[in-house]
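Before any comments, here is the structure.
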Amino acid sequence: MEYHLINIYQAFTYIITNPLNMGVLILASFIGLLAGATPGITSVAITAILLPFTIWLPPETAIIALVAAYASAVFGGSVSAVLFRIPGSTENIMTALDGYELTKAGKSGLALMLTRFYSFLGGLIGGIIVLFFTPILADVAVMFGPPEMFALVVMAISFLATFEGGVKAIVSALLGFFLATIGSDPVTGVYRFTFGVTILGGGFDLVAVLLGIFAISEVLRLLESELKFEVVKERYKFKELMFPSKELFLKLAPLVFLIAVPIGWLIGFLPGIGATTAAVVAYLMARRFSKNPEKWGTGIPEGVAVAEAANNAAAMGTLVPTLALGIPGGAATAIVLGALMIHGVIPGAWIFTYRAQLGYTVLVGTVLSNVMFYLLAPVVVYIFLRLGEFLRRNIPFLAVMVIFFCVFGAYVIRNSVVDIVATLVIGVIAYVLNRYKFPTAPMAIGFVLGPLAEKYFRRSLDIAFGNPLVFISSPIGQFIYIATVLSIITPTLYARFKARKNVKS
Amino acid sequence: MYGEMIIFSLLLIFSSYFLYEALRLPKLPWVVIGPEVWPSILLIGIIISCISAIIYRYIKKNYYRPPKLGRSGLSRVLTTIVFVVVYALVFEYVGFFISTLVLIPTYLKFLRVKTLTSLLVGFIFAMLALLLFPVFLLIPLPRGYGVFYDLTTYILGLFGR
């Protein structure tokens with residue numbers, strides 16, 4: 001432990017006393033914030049864009065730049081999710097649900113304060129866990145094989161049952177799962193439902209689908225009604241935009257500290273899953289255990305805080321398998337892994353022994369990047385807050401802005417017009433479904449979880465030569481299934497018990 | 001027939017057709033679970049859900065009716081869809097700069113924004129696209145064909161790209 005602490009201290013002083021490291025940290029955080037807040041430029045895209053610029057930097061500084069840009073972009077994405085219902089990055093998908101509803105209720109300042117504070121908190125706690133436990137936890141990550149991963153996905157799917165709408169929510173979720181099957185089969189490579197369109201071999205891109213479900217459908221809904229909106233200018237004291245009130249903090253604390261951060265981080269640190277799924281699962285789980293799940297998605301602070309704390313904790317968690325095992329936790333960490341290799345560093349547990357300065361500098365830089373975006377965020381938040389107010393007063397400009405970013409955001413994914421068309425078609429479908437009270441959030445969640453569910457379901461059965469007992473053969477899998485069943489039963493039993501008690505009293 | 005029933009019926013037809021397509025996917029003897037299994041499970045789930053929803057609503061006469069869409073609202077929605085379709089169609093042929101410069105003011109004009117403001121907004125978005133993607137982020141965008149290509153290349157050249 002002493003060795004560990006000394007290394008952390010040395011890495012900390014190395015970063016803050018080195019002007020190059022600090023300069024790069026500030027610049028990368030600012031670029032990440034701006035890029036994340038700009039709809040259409042995802043956290044993965046900005047990390048990839050910055051990669052060539054980091055080649056001439058020393059390896060420690062290069063990785064700090066990429067991690068800082070990624071962490072800031074994950075937060076930045078929440079700004080456009082809250083103000084325009086366009087998740088800036090796929091990790092902000094759940095933030096858009098409650099954040100945008102808060103904006104519609106004239107509380108965008110509150111929503112943005114929550115995203116900023118809980119992104120910072122989630123990232124900071126996640127980063128500190130990474131800092132102290134990466135060498136130890138790396139061994140745990142490899143204990144999760146396909147059956148255990150499938151159990152986790154089943155757990156997440158079971159939480160979808162909490163969505164209002166009954167059969168409509170089920171149909172919406174199944175549609176999302178089905179949309180994810182379009183394209184090349186992950187096991188055999190057979191093209192499914194592509195109808196000869198070559199680019200669909202890669203399936204629908206997540207960004208295109210999210211832009212359609214959230215952004216295009218919302219623009220069409222806005223254009224249905226009159227184009228003049230009465231928007232009250234929001235006024236806040238400085239303190240209100242910096243921290244939540246004590247009461248609000250205490251109210252949100254159990255969901256954030258007991259569910260969002262641990263679940264987000266844990267799923268983030270499992271190889272190959274990524275922060276988007278982590279945010280989805282943590283949100284669904286927190287909703288499941290909330291006292292009033294029916295209010296989630298209608299604009300409550302809990303939804304924003306949980307989603308943001310989880311996605312930033314997960315973003316930090318994805319670094320564990322990347323650094324300690326050389327297995328990227330998500331797309332952005334795959335780029336970080338690439339950067340390590342460009343600099344001639346082979347990831348593995350030895351990175352914390354033989355190249356301790358590099359390993360610990362990266363970890364400390366990760367924690368500092370969270371502090372940095374927290375300090376820099378007010379500038380970006382203020383600009384976008386005022387822009388959002390102006391656009392909500394002028395719906396035609398808002399519509400043009402959203403369509404502009406949807407068209408360009410969808411196009412730049414694969415340089416294909418097919419993605420623009422896919423965004424529009426999915427957007428129109430989501431709009432029509434929304435009109436008939438089909439909740440579309442389950443569709444987006446289904447699309448995120450679908451590929452994982454299929455991949456791990458089939459891999460598990462392949463490994464066991466078709467024996468379905470493989471799903472419950474490992475202790476981890478059994479534990480997850482029992483936890484799933486309990487999580488379904490407990491709230492119902494508790495509600496009945498409470499109702500009974502009320503009747504008696 | 002109510003809109004809700006039409007949606008469920010359309011989903012039923014859609015999923016039945018895709019189930020038929022899924023069952024026609026090649027069967028590979030060396031894999032335990034073929035490529036058709038997972039989509040088939042999902043599509044059967046949609047079919048069962050839709051049939052049960054249709055029967056339930058038919059028996060209970062319990063339909064949801066959304067608020068009526070006014071004529072002007074409907075025309076705005078349809079125009080927006082047409083606008084995005086046209087944008088997508090001309091994007092590669094005309095190039096990102098000119099298509100943005102021309103289409104955005106046209107669309108804004110339809111939404112009854114003043115001509116001068118529309119033109120100004122179109123120019124701002126065209127410049128934003130130009131500066132953000134190809135200039136700062138080095139993300140290539142289509143320049144169009146023929147004269148459009150020359151024009152976009154000339155404009156990009158002014159910014160050193």
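So you can find residues: chains in the structure tokens are A, B, ... in the order shown, residues in each start at 1, and ligands are numbered from 1 in order.
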With the cut-off set at 7 Å and counting only C-alpha atoms, tabulate each residue of chain B with an atom at most that distance from an atom of chain A, showing the nearest atom pair and its distance in Å to one decimal, ordered by chain and increasing number, as JSON lines.
{"residue": "B:Glu4", "atom": "CA", "partner": "A:Tyr436", "partner_atom": "CA", "distance": 6.4}
{"residue": "B:Val32", "atom": "CA", "partner": "A:Asp462", "partner_atom": "CA", "distance": 5.7}
{"residue": "B:Ile33", "atom": "CA", "partner": "A:Arg458", "partner_atom": "CA", "distance": 6.2}
{"residue": "B:Pro35", "atom": "CA", "partner": "A:Asp185", "partner_atom": "CA", "distance": 6.1}
{"residue": "B:Trp38", "atom": "CA", "partner": "A:Glu454", "partner_atom": "CA", "distance": 6.6}
{"residue": "B:Pro39", "atom": "CA", "partner": "A:Phe178", "partner_atom": "CA", "distance": 6.2}
{"residue": "B:Leu42", "atom": "CA", "partner": "A:Leu174", "partner_atom": "CA", "distance": 6.0}
{"residue": "B:Ile46", "atom": "CA", "partner": "A:Val171", "partner_atom": "CA", "distance": 5.7}
{"residue": "B:Ser49", "atom": "CA", "partner": "A:Val167", "partner_atom": "CA", "distance": 6.3}
{"residue": "B:Ala53", "atom": "CA", "partner": "A:Val167", "partner_atom": "CA", "distance": 6.9}
{"residue": "B:Tyr64", "atom": "CA", "partner": "A:Tyr436", "partner_atom": "CA", "distance": 6.9}
{"residue": "B:Pro66", "atom": "CA", "partner": "A:Tyr436", "partner_atom": "CA", "distance": 6.0}
{"residue": "B:Leu69", "atom": "CA", "partner": "A:Glu224", "partner_atom": "CA", "distance": 6.8}
{"residue": "B:Gly73", "atom": "CA", "partner": "A:Glu224", "partner_atom": "CA", "distance": 4.1}
{"residue": "B:Leu74", "atom": "CA", "partner": "A:Glu224", "partner_atom": "CA", "distance": 6.4}
{"residue": "B:Arg76", "atom": "CA", "partner": "A:Leu223", "partner_atom": "CA", "distance": 6.1}
{"residue": "B:Val77", "atom": "CA", "partner": "A:Leu220", "partner_atom": "CA", "distance": 5.5}
{"residue": "B:Ala88", "atom": "CA", "partner": "A:Val417", "partner_atom": "CA", "distance": 6.0}
{"residue": "B:Leu108", "atom": "CA", "partner": "A:Pro396", "partner_atom": "CA", "distance": 6.6}
{"residue": "B:Leu111", "atom": "CA", "partner": "A:Pro396", "partner_atom": "CA", "distance": 6.4}
{"residue": "B:Leu137", "atom": "CA", "partner": "A:Ile49", "partner_atom": "CA", "distance": 6.8}
What parts of region 7-143 of chain B does DSSP call alpha helix (DSSP H)? I'd like the answer as a PyMOL selection string.
chain B and resi 7-23+37-60+71-94+96-110+115-130
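Interatomic distance, CA of Ile480 (chain A) against CA of Leu323 (chain A): 26.4 Å.
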Using only C-alpha atoms: which of A:Ser80, A:Ile426, A:Gly409, A:Gly106 has the shortest distance to Ile139 (chain B)
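Of all the options, A:Gly409 lies closest to Ile139 (chain B).
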Name all residues at most 10 Å from Val102 (chain B) (count only C-alpha atoms; drop same-chain ones fewer than 3 positions away) and give them as a ChimeraX atom specification.
/B:87,97-99,105-107,118-119,122-123,126
Here is a test: counting only C-alpha atoms, which residue of A:Met316, A:Leu114, A:Leu325, A:Leu5 is nearest to Ala275 (chain A)?
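Closest residue, counting only C-alpha atoms: A:Met316.
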Which residues are near Val82 (chain A)? Cut-off 6 Å, only C-alpha atoms, ignore same chain within fewer than 6 positions. Put them as a PDB file with C-alpha atoms, in the first residue's frame.
ATOM      1  CA  ALA A  96     -31.973  13.152 -22.183  1.00  0.00           C
ATOM      2  CA  GLY A  99     -33.011  16.428 -18.345  1.00  0.00           C
ATOM      3  CA  TYR A 100     -35.058  17.567 -21.316  1.00  0.00           C
TER       4      TYR A 100
END
So which one's closest to Gly203 (chain A), A:Ile476, A:Gly183, A:Leu363, A:Ala278? Using only C-alpha atoms, please.
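Nearest candidate to Gly203 (chain A) out of A:Ile476, A:Gly183, A:Leu363, A:Ala278: A:Gly183.
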So which residues touch Ile267 (chain A) within 8 Å, counting only C-alpha atoms, skipping near sequence neighbours fewer than 5 positions away, as a compact mmCIF listing (two decimals) with N, CA and C atoms, in the first residue's frame?
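Saved file result-v9.txt follows:
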# COMPACT_ATOMS: atom_id res chain seq x y z
N ILE A 273 -18.17 -3.95 -22.65
CA ILE A 273 -19.56 -3.50 -22.48
C ILE A 273 -19.66 -1.99 -22.69
N GLY A 274 -18.89 -1.21 -21.96
CA GLY A 274 -18.85 0.24 -22.21
C GLY A 274 -19.78 1.05 -21.33
N ALA A 275 -19.54 2.37 -21.35
CA ALA A 275 -20.22 3.29 -20.44
C ALA A 275 -21.69 3.50 -20.79
N THR A 277 -23.97 1.27 -21.89
CA THR A 277 -24.77 0.21 -21.27
C THR A 277 -24.78 0.40 -19.76
N ALA A 278 -23.64 0.78 -19.21
CA ALA A 278 -23.54 0.98 -17.76
C ALA A 278 -24.55 2.04 -17.30
N ALA A 314 -18.72 4.96 -15.00
CA ALA A 314 -18.46 3.88 -15.95
C ALA A 314 -17.30 4.24 -16.88
N GLY A 317 -14.40 3.45 -15.07
CA GLY A 317 -14.29 1.99 -14.92
C GLY A 317 -13.74 1.32 -16.16
Take CA of Val209 (chain A) and CA of Phe84 (chain A) and report the distance between them in Å, one decimal.
16.0 Å
Residues at most 8 Å from Leu337 (chain A), counting only C-alpha atoms, excluding those fewer than 5 positions away in the same chain, as an mmCIF file with C-alpha atoms, in the first residue's frame?
data_model
loop_
_atom_site.group_PDB
_atom_site.id
_atom_site.type_symbol
_atom_site.label_atom_id
_atom_site.label_comp_id
_atom_site.auth_asym_id
_atom_site.auth_seq_id
_atom_site.Cartn_x
_atom_site.Cartn_y
_atom_site.Cartn_z
ATOM 1 C CA THR A 322 -7.797 -1.293 -20.803
ATOM 2 C CA LEU A 323 -4.743 -0.584 -18.699
ATOM 3 C CA GLY A 326 -5.199 -4.663 -22.582
ATOM 4 C CA PRO A 328 -10.776 -2.053 -24.040
ATOM 5 C CA PRO A 347 -0.760 -2.758 -21.561
#
When you look at region 57-74 of chain A with a cut-off of 6 Å (counting only C-alpha atoms), what residues show up, excluding the ones that are within fewer than 6 positions of it in the same chain? I need them as number ranges by chain.
A: 21, 24-25, 28-29, 32-33, 36, 43, 47, 343, 358, 362, 365, 369, 373
Choose the residue, out of A:Leu284, A:Leu449, A:Ile15, A:Leu51, that has the smallest atom-to-atom separation from Val306 (chain A); count only C-alpha atoms.
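For Val306 (chain A), the nearest of the given residues is A:Leu284.
From CA of Phe12 (chain A) back to CA of Ala377 (chain A), the distance works out to 22.3 Å.
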